[in-house]
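One file, coords.pdb, carrying PDB, C-alpha atoms:
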ATOM      1  CA  MET D   7     -13.382  -3.683 -41.761
ATOM      2  CA  ASN D   8      -9.628  -3.851 -41.284
ATOM      3  CA  ASP D   9      -8.928  -1.325 -38.556
ATOM      4  CA  PRO D  10      -6.343  -2.759 -36.195
ATOM      5  CA  LEU D  11      -5.330  -1.250 -32.887
ATOM      6  CA  ILE D  12      -1.532  -1.011 -32.879
ATOM      7  CA  ILE D  13       0.229  -1.041 -29.522
ATOM      8  CA  ALA D  14       4.015  -1.240 -29.327
ATOM      9  CA  GLY D  15       4.137  -2.368 -32.956
ATOM     10  CA  LYS D  16       1.681  -5.239 -32.524
ATOM     11  CA  ALA D  17      -1.750  -5.276 -34.177
ATOM     12  CA  TYR D  18      -4.911  -6.241 -32.300
ATOM     13  CA  SER D  19      -8.371  -6.593 -33.804
ATOM     14  CA  SER D  20     -10.236  -5.888 -30.555
ATOM     15  CA  ARG D  21     -10.374  -2.403 -29.088
ATOM     16  CA  LEU D  22     -11.791  -3.624 -25.796
ATOM     17  CA  LEU D  23      -9.295  -4.546 -23.088
ATOM     18  CA  VAL D  24     -10.667  -6.151 -19.942
ATOM     19  CA  GLY D  25      -9.597  -6.785 -16.383
ATOM     20  CA  THR D  26      -9.914 -10.151 -14.699
ATOM     21  CA  GLY D  27     -10.796  -9.104 -11.147
ATOM     22  CA  LYS D  28     -14.022  -9.456  -9.138
ATOM     23  CA  TYR D  29     -15.533 -12.431 -11.010
ATOM     24  CA  LYS D  30     -17.179 -15.184  -9.005
ATOM     25  CA  ASP D  31     -14.781 -17.831 -10.340
ATOM     26  CA  PHE D  32     -12.245 -18.501 -13.104
ATOM     27  CA  ALA D  33     -14.898 -20.040 -15.384
ATOM     28  CA  GLU D  34     -16.919 -16.822 -15.350
ATOM     29  CA  THR D  35     -13.728 -14.792 -15.880
ATOM     30  CA  ARG D  36     -12.893 -16.772 -18.995
ATOM     31  CA  GLU D  37     -16.465 -16.638 -20.310
ATOM     32  CA  ALA D  38     -16.629 -12.854 -19.855
ATOM     33  CA  VAL D  39     -13.235 -12.304 -21.491
ATOM     34  CA  ASP D  40     -14.325 -14.350 -24.481
ATOM     35  CA  ALA D  41     -17.766 -12.682 -24.719
ATOM     36  CA  ALA D  42     -15.926  -9.326 -24.717
ATOM     37  CA  GLY D  43     -13.761 -10.566 -27.581
ATOM     38  CA  ALA D  44     -10.773  -9.180 -25.666
ATOM     39  CA  GLU D  45      -7.250 -10.059 -26.752
ATOM     40  CA  ILE D  46      -5.464  -8.064 -24.059
ATOM     41  CA  VAL D  47      -6.392  -8.864 -20.450
ATOM     42  CA  THR D  48      -5.004  -7.276 -17.312
ATOM     43  CA  VAL D  49      -3.798  -9.333 -14.365
ATOM     44  CA  ALA D  50      -2.535  -8.345 -10.921
ATOM     45  CA  ILE D  51       0.687  -9.561  -9.321
ATOM     46  CA  ARG D  52       0.348 -10.870  -5.773
ATOM     47  CA  ARG D  53       2.084 -13.122  -3.255
ATOM     48  CA  THR D  54       1.176 -16.768  -3.690
ATOM     49  CA  ASN D  55      -0.494 -18.497  -0.765
ATOM     50  CA  ILE D  56       2.059 -20.612   1.046
ATOM     51  CA  GLY D  57       1.015 -24.103   2.024
ATOM     52  CA  GLN D  58      -2.555 -23.738   0.840
ATOM     53  CA  HIS D  59      -4.328 -25.774  -1.820
ATOM     54  CA  PRO D  60      -1.417 -27.227  -3.790
ATOM     55  CA  GLY D  61      -2.566 -28.254  -7.257
ATOM     56  CA  GLU D  62      -5.302 -25.609  -7.258
ATOM     57  CA  GLN D  63      -6.079 -24.058 -10.657
ATOM     58  CA  SER D  64      -4.451 -20.702 -11.325
ATOM     59  CA  LEU D  65      -5.601 -17.746 -13.408
ATOM     60  CA  LEU D  66      -2.985 -18.460 -16.071
ATOM     61  CA  ASP D  67      -4.384 -22.002 -16.512
ATOM     62  CA  VAL D  68      -7.659 -20.361 -17.558
ATOM     63  CA  LEU D  69      -6.104 -17.502 -19.539
ATOM     64  CA  PRO D  70      -2.903 -19.002 -20.963
ATOM     65  CA  PRO D  71      -0.288 -16.512 -22.199
ATOM     66  CA  SER D  72      -0.200 -18.456 -25.475
ATOM     67  CA  GLN D  73      -3.785 -17.389 -26.247
ATOM     68  CA  TYR D  74      -4.107 -13.970 -24.621
ATOM     69  CA  THR D  75      -1.846 -10.966 -24.326
ATOM     70  CA  LEU D  76      -1.523 -10.591 -20.582
ATOM     71  CA  LEU D  77      -1.129  -7.089 -19.251
ATOM     72  CA  PRO D  78       0.299  -7.257 -15.732
ATOM     73  CA  ASN D  79      -0.629  -4.220 -13.657
ATOM     74  CA  THR D  80       0.731  -2.434 -10.615
ATOM     75  CA  ALA D  81      -2.627  -2.044  -8.880
ATOM     76  CA  GLY D  82      -2.147  -1.297  -5.201
ATOM     77  CA  CYS D  83       1.287   0.325  -5.650
ATOM     78  CA  TYR D  84       1.684   3.786  -4.122
ATOM     79  CA  THR D  85       5.348   4.438  -4.986
ATOM     80  CA  ALA D  86       7.387   4.313  -8.186
ATOM     81  CA  GLU D  87       9.743   1.861  -6.509
ATOM     82  CA  ASP D  88       7.030  -0.680  -5.665
ATOM     83  CA  ALA D  89       5.511  -0.384  -9.144
ATOM     84  CA  VAL D  90       8.885  -1.020 -10.805
ATOM     85  CA  ARG D  91       9.609  -4.015  -8.530
ATOM     86  CA  THR D  92       6.169  -5.462  -9.264
ATOM     87  CA  LEU D  93       6.650  -5.229 -13.026
ATOM     88  CA  ARG D  94      10.152  -6.698 -12.918
ATOM     89  CA  LEU D  95       8.580  -9.690 -11.145
ATOM     90  CA  ALA D  96       5.806  -9.784 -13.765
ATOM     91  CA  ARG D  97       8.368  -9.826 -16.572
ATOM     92  CA  GLU D  98      10.140 -12.773 -14.944
ATOM     93  CA  LEU D  99       6.789 -14.535 -14.341
ATOM     94  CA  LEU D 100       5.761 -14.137 -17.998
ATOM     95  CA  ASP D 101       9.097 -15.138 -19.547
ATOM     96  CA  GLY D 102      10.372 -11.709 -20.549
ATOM     97  CA  HIS D 103       7.019 -10.241 -21.597
ATOM     98  CA  ALA D 104       7.464  -6.460 -21.972
ATOM     99  CA  LEU D 105       3.922  -5.038 -22.265
ATOM    100  CA  VAL D 106       2.729  -3.758 -18.881
ATOM    101  CA  LYS D 107       0.138  -1.500 -17.296
ATOM    102  CA  LEU D 108       1.649   1.055 -14.948
ATOM    103  CA  GLU D 109      -0.541   2.629 -12.305
ATOM    104  CA  VAL D 110       0.798   4.388  -9.242
ATOM    105  CA  LEU D 111      -1.977   5.384  -6.907
ATOM    106  CA  GLY D 112      -2.119   8.381  -4.634
ATOM    107  CA  ASP D 113      -5.047   7.882  -2.275
ATOM    108  CA  PRO D 114      -6.819   4.645  -1.325
ATOM    109  CA  SER D 115     -10.182   6.400  -0.975
ATOM    110  CA  ASN D 116     -10.343   7.563  -4.600
ATOM    111  CA  LEU D 117      -7.532   5.572  -6.291
ATOM    112  CA  TYR D 118      -6.515   8.718  -8.123
ATOM    113  CA  PRO D 119      -3.102   8.372  -9.793
ATOM    114  CA  ASN D 120      -0.052   9.925  -8.157
ATOM    115  CA  MET D 121       1.376  11.592 -11.247
ATOM    116  CA  PRO D 122       4.879  12.525  -9.961
ATOM    117  CA  GLU D 123       5.462   8.891  -8.937
ATOM    118  CA  THR D 124       3.862   7.653 -12.170
ATOM    119  CA  LEU D 125       6.259   9.766 -14.268
ATOM    120  CA  LYS D 126       9.231   8.549 -12.230
ATOM    121  CA  ALA D 127       8.252   4.891 -12.625
ATOM    122  CA  ALA D 128       7.574   5.349 -16.347
ATOM    123  CA  GLU D 129      11.083   6.742 -16.895
ATOM    124  CA  THR D 130      12.705   3.770 -15.167
ATOM    125  CA  LEU D 131      10.521   1.184 -16.907
ATOM    126  CA  VAL D 132      11.035   2.625 -20.385
ATOM    127  CA  LYS D 133      14.814   2.642 -19.783
ATOM    128  CA  GLU D 134      14.594  -1.028 -18.774
ATOM    129  CA  GLY D 135      12.869  -1.940 -22.027
ATOM    130  CA  PHE D 136       9.269  -2.258 -20.872
ATOM    131  CA  ASP D 137       6.403  -1.282 -23.194
ATOM    132  CA  VAL D 138       4.450   0.861 -20.778
ATOM    133  CA  MET D 139       0.718   1.499 -21.014
ATOM    134  CA  VAL D 140       0.079   4.043 -18.317
ATOM    135  CA  TYR D 141      -2.956   4.904 -16.201
ATOM    136  CA  CYS D 142      -3.021   8.666 -15.668
ATOM    137  CA  SER D 143      -5.115  11.662 -14.733
ATOM    138  CA  ASP D 144      -7.061  13.288 -17.570
ATOM    139  CA  ASP D 145      -4.537  16.129 -17.730
ATOM    140  CA  PRO D 146      -3.281  16.769 -21.270
ATOM    141  CA  ILE D 147       0.093  18.032 -20.062
ATOM    142  CA  GLN D 148       0.805  14.929 -17.967
ATOM    143  CA  ALA D 149      -0.389  12.670 -20.774
ATOM    144  CA  LYS D 150       1.942  14.380 -23.248
ATOM    145  CA  ARG D 151       4.849  14.105 -20.813
ATOM    146  CA  LEU D 152       4.243  10.345 -20.473
ATOM    147  CA  GLU D 153       4.248  10.033 -24.258
ATOM    148  CA  GLU D 154       7.539  11.955 -24.443
ATOM    149  CA  ILE D 155       9.060   9.619 -21.846
ATOM    150  CA  GLY D 156       8.291   6.780 -24.251
ATOM    151  CA  CYS D 157       5.100   5.161 -22.976
ATOM    152  CA  VAL D 158       3.388   3.130 -25.723
ATOM    153  CA  ALA D 159      -0.143   4.164 -24.702
ATOM    154  CA  VAL D 160      -1.664   6.701 -22.322
ATOM    155  CA  MET D 161      -4.753   5.694 -20.371
ATOM    156  CA  PRO D 162      -6.554   8.586 -18.687
ATOM    157  CA  LEU D 163      -9.397   7.899 -16.297
ATOM    158  CA  ALA D 164     -12.940   8.742 -17.408
ATOM    159  CA  SER D 165     -13.956   8.820 -13.745
ATOM    160  CA  ILE D 166     -12.491   7.169 -10.670
ATOM    161  CA  ILE D 167     -11.665   3.452 -10.645
ATOM    162  CA  GLY D 168     -14.636   1.192  -9.972
ATOM    163  CA  SER D 169     -17.094   4.100  -9.761
ATOM    164  CA  GLY D 170     -19.048   3.427 -12.961
ATOM    165  CA  MET D 171     -19.638   7.196 -13.159
ATOM    166  CA  GLY D 172     -18.971   7.294 -16.906
ATOM    167  CA  ILE D 173     -17.170  10.005 -18.848
ATOM    168  CA  LEU D 174     -17.125  13.090 -16.659
ATOM    169  CA  ASN D 175     -14.810  15.298 -18.679
ATOM    170  CA  PRO D 176     -15.059  14.595 -22.410
ATOM    171  CA  TRP D 177     -13.285  17.889 -23.162
ATOM    172  CA  ASN D 178     -10.107  16.842 -21.381
ATOM    173  CA  LEU D 179     -10.183  13.481 -23.143
ATOM    174  CA  ARG D 180     -10.478  15.297 -26.469
ATOM    175  CA  LEU D 181      -7.524  17.526 -25.591
ATOM    176  CA  ILE D 182      -5.441  14.445 -24.817
ATOM    177  CA  ILE D 183      -6.581  12.579 -27.936
ATOM    178  CA  ASP D 184      -5.993  15.543 -30.254
ATOM    179  CA  ASN D 185      -2.414  15.970 -28.962
ATOM    180  CA  ALA D 186      -1.375  12.322 -28.737
ATOM    181  CA  ARG D 187       0.775  10.351 -31.157
ATOM    182  CA  VAL D 188       0.353   7.123 -29.188
ATOM    183  CA  PRO D 189      -2.921   5.274 -28.592
ATOM    184  CA  VAL D 190      -5.202   6.822 -25.970
ATOM    185  CA  LEU D 191      -7.362   4.449 -23.949
ATOM    186  CA  VAL D 192     -10.015   5.285 -21.417
ATOM    187  CA  ASP D 193      -9.084   3.286 -18.351
ATOM    188  CA  ALA D 194     -11.471   3.406 -15.401
ATOM    189  CA  GLY D 195     -14.911   4.863 -14.919
ATOM    190  CA  VAL D 196     -16.969   3.201 -17.646
ATOM    191  CA  GLY D 197     -20.288   2.050 -16.162
ATOM    192  CA  THR D 198     -22.363   0.827 -19.069
ATOM    193  CA  ALA D 199     -22.280   0.309 -22.821
ATOM    194  CA  SER D 200     -23.133   3.898 -23.793
ATOM    195  CA  ASP D 201     -20.103   5.144 -21.811
ATOM    196  CA  ALA D 202     -17.831   2.886 -23.866
ATOM    197  CA  ALA D 203     -19.460   4.054 -27.101
ATOM    198  CA  ILE D 204     -19.017   7.711 -26.116
ATOM    199  CA  ALA D 205     -15.335   7.135 -25.310
ATOM    200  CA  MET D 206     -14.806   5.619 -28.751
ATOM    201  CA  GLU D 207     -16.835   8.363 -30.486
ATOM    202  CA  LEU D 208     -14.575  10.939 -28.819
ATOM    203  CA  GLY D 209     -11.701   9.281 -30.663
ATOM    204  CA  CYS D 210     -10.214   7.003 -28.032
ATOM    205  CA  ASP D 211      -8.270   4.159 -29.618
ATOM    206  CA  ALA D 212      -9.598   1.602 -27.143
ATOM    207  CA  VAL D 213     -11.279   1.185 -23.766
ATOM    208  CA  LEU D 214     -10.088  -0.776 -20.732
ATOM    209  CA  MET D 215     -12.628  -1.858 -18.134
ATOM    210  CA  ASN D 216     -13.211  -4.378 -15.375
ATOM    211  CA  SER D 217     -15.941  -3.461 -12.874
ATOM    212  CA  ALA D 218     -18.501  -2.442 -15.507
ATOM    213  CA  ILE D 219     -18.506  -6.053 -16.695
ATOM    214  CA  ALA D 220     -17.711  -7.955 -13.498
ATOM    215  CA  HIS D 221     -20.237  -6.043 -11.380
ATOM    216  CA  ALA D 222     -23.091  -6.217 -13.900
ATOM    217  CA  ARG D 223     -25.973  -8.460 -12.854
ATOM    218  CA  GLN D 224     -25.052 -10.695 -15.794
ATOM    219  CA  PRO D 225     -21.337 -10.170 -16.443
ATOM    220  CA  VAL D 226     -21.105 -12.301 -19.581
ATOM    221  CA  LEU D 227     -24.034 -10.498 -21.226
ATOM    222  CA  MET D 228     -22.523  -7.121 -20.311
ATOM    223  CA  ALA D 229     -19.196  -8.231 -21.783
ATOM    224  CA  SER D 230     -20.979  -8.850 -25.065
ATOM    225  CA  ALA D 231     -22.750  -5.464 -24.818
ATOM    226  CA  MET D 232     -19.373  -3.771 -24.310
ATOM    227  CA  LYS D 233     -17.909  -5.518 -27.342
ATOM    228  CA  HIS D 234     -20.711  -4.130 -29.520
ATOM    229  CA  ALA D 235     -20.560  -0.683 -27.902
ATOM    230  CA  VAL D 236     -16.827  -0.323 -28.515
ATOM    231  CA  ARG D 237     -17.242  -1.445 -32.099
ATOM    232  CA  ALA D 238     -20.257   0.851 -32.668
ATOM    233  CA  GLY D 239     -18.440   3.810 -31.142
ATOM    234  CA  ARG D 240     -15.358   3.176 -33.250
ATOM    235  CA  GLU D 241     -17.363   2.918 -36.471
ATOM    236  CA  ALA D 242     -19.315   6.085 -35.618
ATOM    237  CA  TYR D 243     -16.033   7.897 -34.983
ATOM    238  CA  LEU D 244     -14.590   6.755 -38.322
ATOM    239  CA  ALA D 245     -17.846   7.530 -40.144
ATOM    240  CA  GLY D 246     -17.895  11.071 -38.729
ATOM    241  CA  ARG D 247     -21.062  12.378 -37.112
ATOM    242  CA  MET D 248     -23.368  14.870 -38.844
ATOM    243  CA  PRO D 249     -23.035  18.481 -37.751
ATOM    244  CA  ARG D 250     -25.305  19.622 -34.930
ATOM    245  CA  LYS D 251     -27.868  22.188 -36.133
ATOM    246  CA  LEU D 252     -29.250  24.250 -33.334
ATOM    247  CA  TYR D 253     -32.802  25.554 -33.768
ATOM    248  CA  SER D 254     -33.084  24.561 -37.441
ATOM    249  CA  ALA D 255     -34.990  21.443 -38.387
ATOM    250  CA  GLU D 256     -34.371  19.791 -41.731
ATOM    251  CA  PRO D 257     -36.755  17.105 -43.023
ATOM    252  CA  SER D 258     -35.364  13.792 -44.168
ATOM    253  CA  SER D 259     -38.175  13.257 -46.718
ATOM    254  CA  PRO D 260     -38.600  15.222 -49.999
ATOM    255  CA  THR D 261     -40.373  18.573 -49.635
ATOM    256  CA  SER D 262     -41.813  18.473 -53.195
ATOM    257  CA  GLY D 263     -44.357  16.096 -54.771
ATOM    258  CA  MET D 264     -46.830  16.299 -51.926
ATOM    259  CA  ILE D 265     -50.431  15.383 -52.790
ATOM    260  CA  ALA D 266     -52.930  18.252 -53.141
ATOM    261  CA  PRO D 267     -53.948  19.730 -49.807
ATOM    262  CA  ALA D 268     -57.480  18.767 -48.712
ATOM    263  CA  ARG D 269     -58.682  22.394 -49.018
ATOM    264  CA  CYS D 270     -58.204  22.154 -52.851
ATOM    265  CA  LEU D 271     -60.644  19.227 -53.192
TER     266      LEU D 271
ATOM    267  CA  MET G  23      17.682 -22.839  13.245
ATOM    268  CA  PRO G  24      18.193 -20.199  10.516
ATOM    269  CA  THR G  25      15.061 -18.324   9.485
ATOM    270  CA  ILE G  26      14.002 -16.669   6.239
ATOM    271  CA  LEU G  27      10.910 -14.622   5.500
ATOM    272  CA  VAL G  28       8.766 -16.097   2.719
ATOM    273  CA  ASN G  29       5.961 -13.739   1.695
ATOM    274  CA  GLY G  30       6.157 -12.260   5.140
ATOM    275  CA  ASN G  31       6.023 -15.624   6.960
ATOM    276  CA  PRO G  32       9.031 -16.598   9.086
ATOM    277  CA  THR G  33      10.190 -20.006   7.800
ATOM    278  CA  GLU G  34      12.843 -22.123   9.490
ATOM    279  CA  PHE G  35      15.200 -24.232   7.395
ATOM    280  CA  THR G  36      18.301 -26.389   7.688
ATOM    281  CA  THR G  37      21.346 -25.414   5.650
ATOM    282  CA  PRO G  38      22.211 -25.879   2.913
ATOM    283  CA  LEU G  39      18.898 -25.275   1.166
ATOM    284  CA  THR G  40      18.591 -24.165  -2.443
ATOM    285  CA  LEU G  41      15.684 -22.164  -3.752
ATOM    286  CA  ARG G  42      14.574 -25.217  -5.751
ATOM    287  CA  GLN G  43      14.432 -27.293  -2.567
ATOM    288  CA  LEU G  44      12.473 -24.588  -0.783
ATOM    289  CA  LEU G  45       9.908 -24.510  -3.613
ATOM    290  CA  GLU G  46       9.513 -28.277  -3.307
ATOM    291  CA  ARG G  47       9.037 -27.986   0.430
ATOM    292  CA  LEU G  48       6.348 -25.338  -0.126
ATOM    293  CA  GLU G  49       4.681 -27.567  -2.760
ATOM    294  CA  LEU G  50       5.254 -24.884  -5.395
ATOM    295  CA  GLN G  51       7.424 -26.948  -7.739
ATOM    296  CA  GLY G  52       6.165 -26.858 -11.312
ATOM    297  CA  ARG G  53       3.957 -23.825 -10.603
ATOM    298  CA  ARG G  54       4.470 -20.635 -12.594
ATOM    299  CA  VAL G  55       5.901 -18.214 -10.032
ATOM    300  CA  ALA G  56       8.473 -15.435  -9.962
ATOM    301  CA  ILE G  57      10.782 -14.773  -7.047
ATOM    302  CA  GLU G  58      12.456 -11.733  -5.605
ATOM    303  CA  ARG G  59      15.222 -12.210  -3.034
ATOM    304  CA  ASN G  60      16.246  -9.213  -0.950
ATOM    305  CA  GLY G  61      14.790  -6.881  -3.581
ATOM    306  CA  GLU G  62      16.467  -8.570  -6.584
ATOM    307  CA  ILE G  63      14.734 -10.761  -9.168
ATOM    308  CA  LEU G  64      16.014 -14.327  -9.195
ATOM    309  CA  PRO G  65      15.742 -15.826 -12.684
ATOM    310  CA  ARG G  66      14.285 -19.334 -12.885
ATOM    311  CA  SER G  67      17.595 -20.632 -14.273
ATOM    312  CA  ARG G  68      19.248 -19.794 -10.954
ATOM    313  CA  TYR G  69      16.963 -21.734  -8.588
ATOM    314  CA  ASP G  70      19.258 -24.757  -8.453
ATOM    315  CA  ASP G  71      22.435 -22.898  -7.622
ATOM    316  CA  THR G  72      21.007 -20.322  -5.243
ATOM    317  CA  PRO G  73      21.568 -21.272  -1.611
ATOM    318  CA  LEU G  74      19.403 -19.468   0.901
ATOM    319  CA  ALA G  75      20.953 -17.586   3.786
ATOM    320  CA  ALA G  76      19.543 -16.709   7.188
ATOM    321  CA  GLY G  77      17.581 -13.476   7.078
ATOM    322  CA  ASP G  78      16.768 -13.670   3.355
ATOM    323  CA  LEU G  79      13.586 -11.864   2.354
ATOM    324  CA  LEU G  80      11.743 -13.826  -0.336
ATOM    325  CA  GLU G  81       8.724 -12.701  -2.304
ATOM    326  CA  ILE G  82       7.082 -15.462  -4.351
ATOM    327  CA  ILE G  83       4.390 -14.100  -6.672
ATOM    328  CA  ILE G  84       1.775 -15.312  -9.152
ATOM    329  CA  ALA G  85      -0.731 -13.628 -11.460
ATOM    330  CA  VAL G  86      -4.229 -13.153 -10.020
ATOM    331  CA  GLY G  87      -7.402 -11.507 -11.256
ATOM    332  CA  GLY G  88      -7.159  -7.731 -11.414
ATOM    333  CA  GLY G  89      -8.026  -4.669 -13.465
TER     334      GLY G  89
END

When written as structure tokens, how does the structure in this file appear?
Amino acid sequence: MNDPLIIAGKAYSSRLLVGTGKYKDFAETREAVDAAGAEIVTVAIRRTNIGQHPGEQSLLDVLPPSQYTLLPNTAGCYTAEDAVRTLRLARELLDGHALVKLEVLGDPSNLYPNMPETLKAAETLVKEGFDVMVYCSDDPIQAKRLEEIGCVAVMPLASIIGSGMGILNPWNLRLIIDNARVPVLVDAGVGTASDAAIAMELGCDAVLMNSAIAHARQPVLMASAMKHAVRAGREAYLAGRMPRKLYSAEPSSPTSGMIAPARCL
Amino acid sequence: MPTILVNGNPTEFTTPLTLRQLLERLELQGRRVAIERNGEILPRSRYDDTPLAAGDLLEIIIAVGGG
């Protein structure tokens, strides 16, 4: 089935985007990314260790930008200014790469997005030519505003980052999806495969996750489960579910042509 | 001796020192990094002709695992 995900004018065949944090080593990171079939992978931007382990392998040796679309994030940023600085550094690091994930956090205990700062950062980044995929609250008004600013995708949380609590407010996600003209991705909160399938059945264009895979007992197996769940959910969405019929059963087998009832023998 | 801050660490150096020479001293030559000096991005093409000055604030970053 040819059903590409289009972000900032580029087509992707996978609708599962994955993070690269919390794995036990780079080999497991790479194996999980590949089992997920992900083409877009998020990375964080951090200070390099000075004077430690020269020659040590780096994440980009394992996930080369020539093979994967890297999505640098602003995880850990609490102001628009820090998020913008981080992504300018990321663009320099990745040779002018424009696609980025903006997240400006508001509270370290729940990692909820700070929407005023997020909007401010989005305005600056769009003006500077970045293609901004933006982590946001599941508020349809904020999501629409981010789209109007020029973000290339809006990414509401399903529940708080790293919680694995699943999709807590499907109605808000539907409101966002029904109003959006850019791709809508669930970012944060997915705990297991059924959560990913539900997100896709709601009409999300894609799902972004990290902990649900990295914190599974077997991360590589869960990555594969997520690949199938996202695909199943997408196909179910496109196929269109049957209507729900409350209190009225309807048999699937023919009601005529039954053999004679025993009492007639 | 003049001092600069590299990723928050005070680092002494003798002038003149270019950014390229500093990277060599830190054994970061050939690594994929990006650098901010005093809040401004320094493009890779400028490493050779950028002399460091006392009090410079340098941030040298890489990509790491993250969500």

Residue list for chain D near chain G as a list in words, 6 Å, all atoms listed in the file: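 The selection requested is Gly25, Thr26, Gly27, Thr48, Val49, Ala50, Ile51, Arg52, Arg53, Thr54, Gly57, Leu65, Leu95, Glu98, Leu99 and Asn216 of chain D.
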
The PyMOL selection byres ((chain D and resi 33) around 12) applied to the shown file, residues as an MDAnalysis selection string: chainID D and resid 26 29:32 34:40 63:65 67:69 225:226

Polymer residues at most 7 Å from D:Thr85, all atoms listed in the file, same-chain spacing of 3 or more positions, as a ChimeraX atom specification: /D:88-89,110,123

Nearest to G:Asp70, chosen from G:Pro32, G:Leu44, G:Pro24, G:Thr37, with all atoms listed in the file counted in the distances: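 Looking only at the distances to G:Asp70, the closest residue turns out to be G:Leu44.
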
Gap from atom CA of D:Leu244 to atom CA of D:Asn8 - Å, one decimal: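 These two atoms are separated by 12.1 Å.
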
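Among D:Leu214, D:Thr124, D:Asn178, D:Ser258, the residue with the shortest atom-to-atom distance to D:Leu77, counting only C-alpha atoms, is D:Leu214.
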
Distance of atom CA of D:Ala202 from atom CA of D:Asp9, expressed in Å to one decimal place: 17.7 Å

Point (-1.9, -1.6, -8.2) neighbourhood (8 Å, all atoms listed in the file) written as an MDAnalysis selection string: chainID D and resid 50 79:84 89 109:111

Best match for closeness to D:Leu22 among D:Gly135, D:Gly239, D:Gly170, D:Pro114, counting all atoms listed in the file: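 For D:Leu22, the nearest of the candidates is D:Gly239.
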
Since the input is missing atoms, can you rebuild N, CA, C and O atoms for stretch 53-65 of chain G and write them as a short mmCIF file (atom, residue, chain, number, x, y, z; two decimals), in the coordinates of the input?
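What ended up in selection_5.cif:
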data_model
loop_
_atom_site.label_atom_id
_atom_site.label_comp_id
_atom_site.auth_asym_id
_atom_site.auth_seq_id
_atom_site.Cartn_x
_atom_site.Cartn_y
_atom_site.Cartn_z
N ARG G 53 4.92 -24.92 -10.48
CA ARG G 53 3.96 -23.82 -10.60
C ARG G 53 4.66 -22.65 -11.27
O ARG G 53 5.86 -22.46 -11.13
N ARG G 54 3.88 -21.84 -12.01
CA ARG G 54 4.47 -20.64 -12.59
C ARG G 54 4.52 -19.54 -11.53
O ARG G 54 3.48 -19.01 -11.14
N VAL G 55 5.72 -19.27 -11.03
CA VAL G 55 5.90 -18.21 -10.03
C VAL G 55 7.09 -17.35 -10.46
O VAL G 55 7.83 -17.71 -11.38
N ALA G 56 7.24 -16.21 -9.83
CA ALA G 56 8.47 -15.44 -9.96
C ALA G 56 8.92 -15.08 -8.56
O ALA G 56 8.09 -14.97 -7.64
N ILE G 57 10.23 -14.94 -8.40
CA ILE G 57 10.78 -14.77 -7.05
C ILE G 57 11.73 -13.58 -6.97
O ILE G 57 12.57 -13.38 -7.85
N GLU G 58 11.54 -12.83 -5.92
CA GLU G 58 12.46 -11.73 -5.60
C GLU G 58 13.16 -12.11 -4.30
O GLU G 58 12.51 -12.54 -3.35
N ARG G 59 14.49 -11.98 -4.29
CA ARG G 59 15.22 -12.21 -3.03
C ARG G 59 15.94 -10.94 -2.65
O ARG G 59 16.75 -10.41 -3.42
N ASN G 60 15.64 -10.44 -1.47
CA ASN G 60 16.25 -9.21 -0.95
C ASN G 60 16.17 -8.08 -1.99
O ASN G 60 17.13 -7.37 -2.22
N GLY G 61 15.00 -7.98 -2.64
CA GLY G 61 14.79 -6.88 -3.58
C GLY G 61 15.29 -7.12 -4.99
O GLY G 61 15.09 -6.28 -5.87
N GLU G 62 15.94 -8.28 -5.24
CA GLU G 62 16.47 -8.57 -6.58
C GLU G 62 15.70 -9.75 -7.19
O GLU G 62 15.46 -10.74 -6.50
N ILE G 63 15.39 -9.64 -8.48
CA ILE G 63 14.73 -10.76 -9.17
C ILE G 63 15.71 -11.93 -9.27
O ILE G 63 16.87 -11.75 -9.61
N LEU G 64 15.20 -13.13 -8.98
CA LEU G 64 16.01 -14.33 -9.20
C LEU G 64 15.48 -15.08 -10.40
O LEU G 64 14.37 -15.62 -10.34
N PRO G 65 16.23 -15.12 -11.50
CA PRO G 65 15.74 -15.83 -12.68
C PRO G 65 15.57 -17.32 -12.39
O PRO G 65 16.29 -17.89 -11.57
#
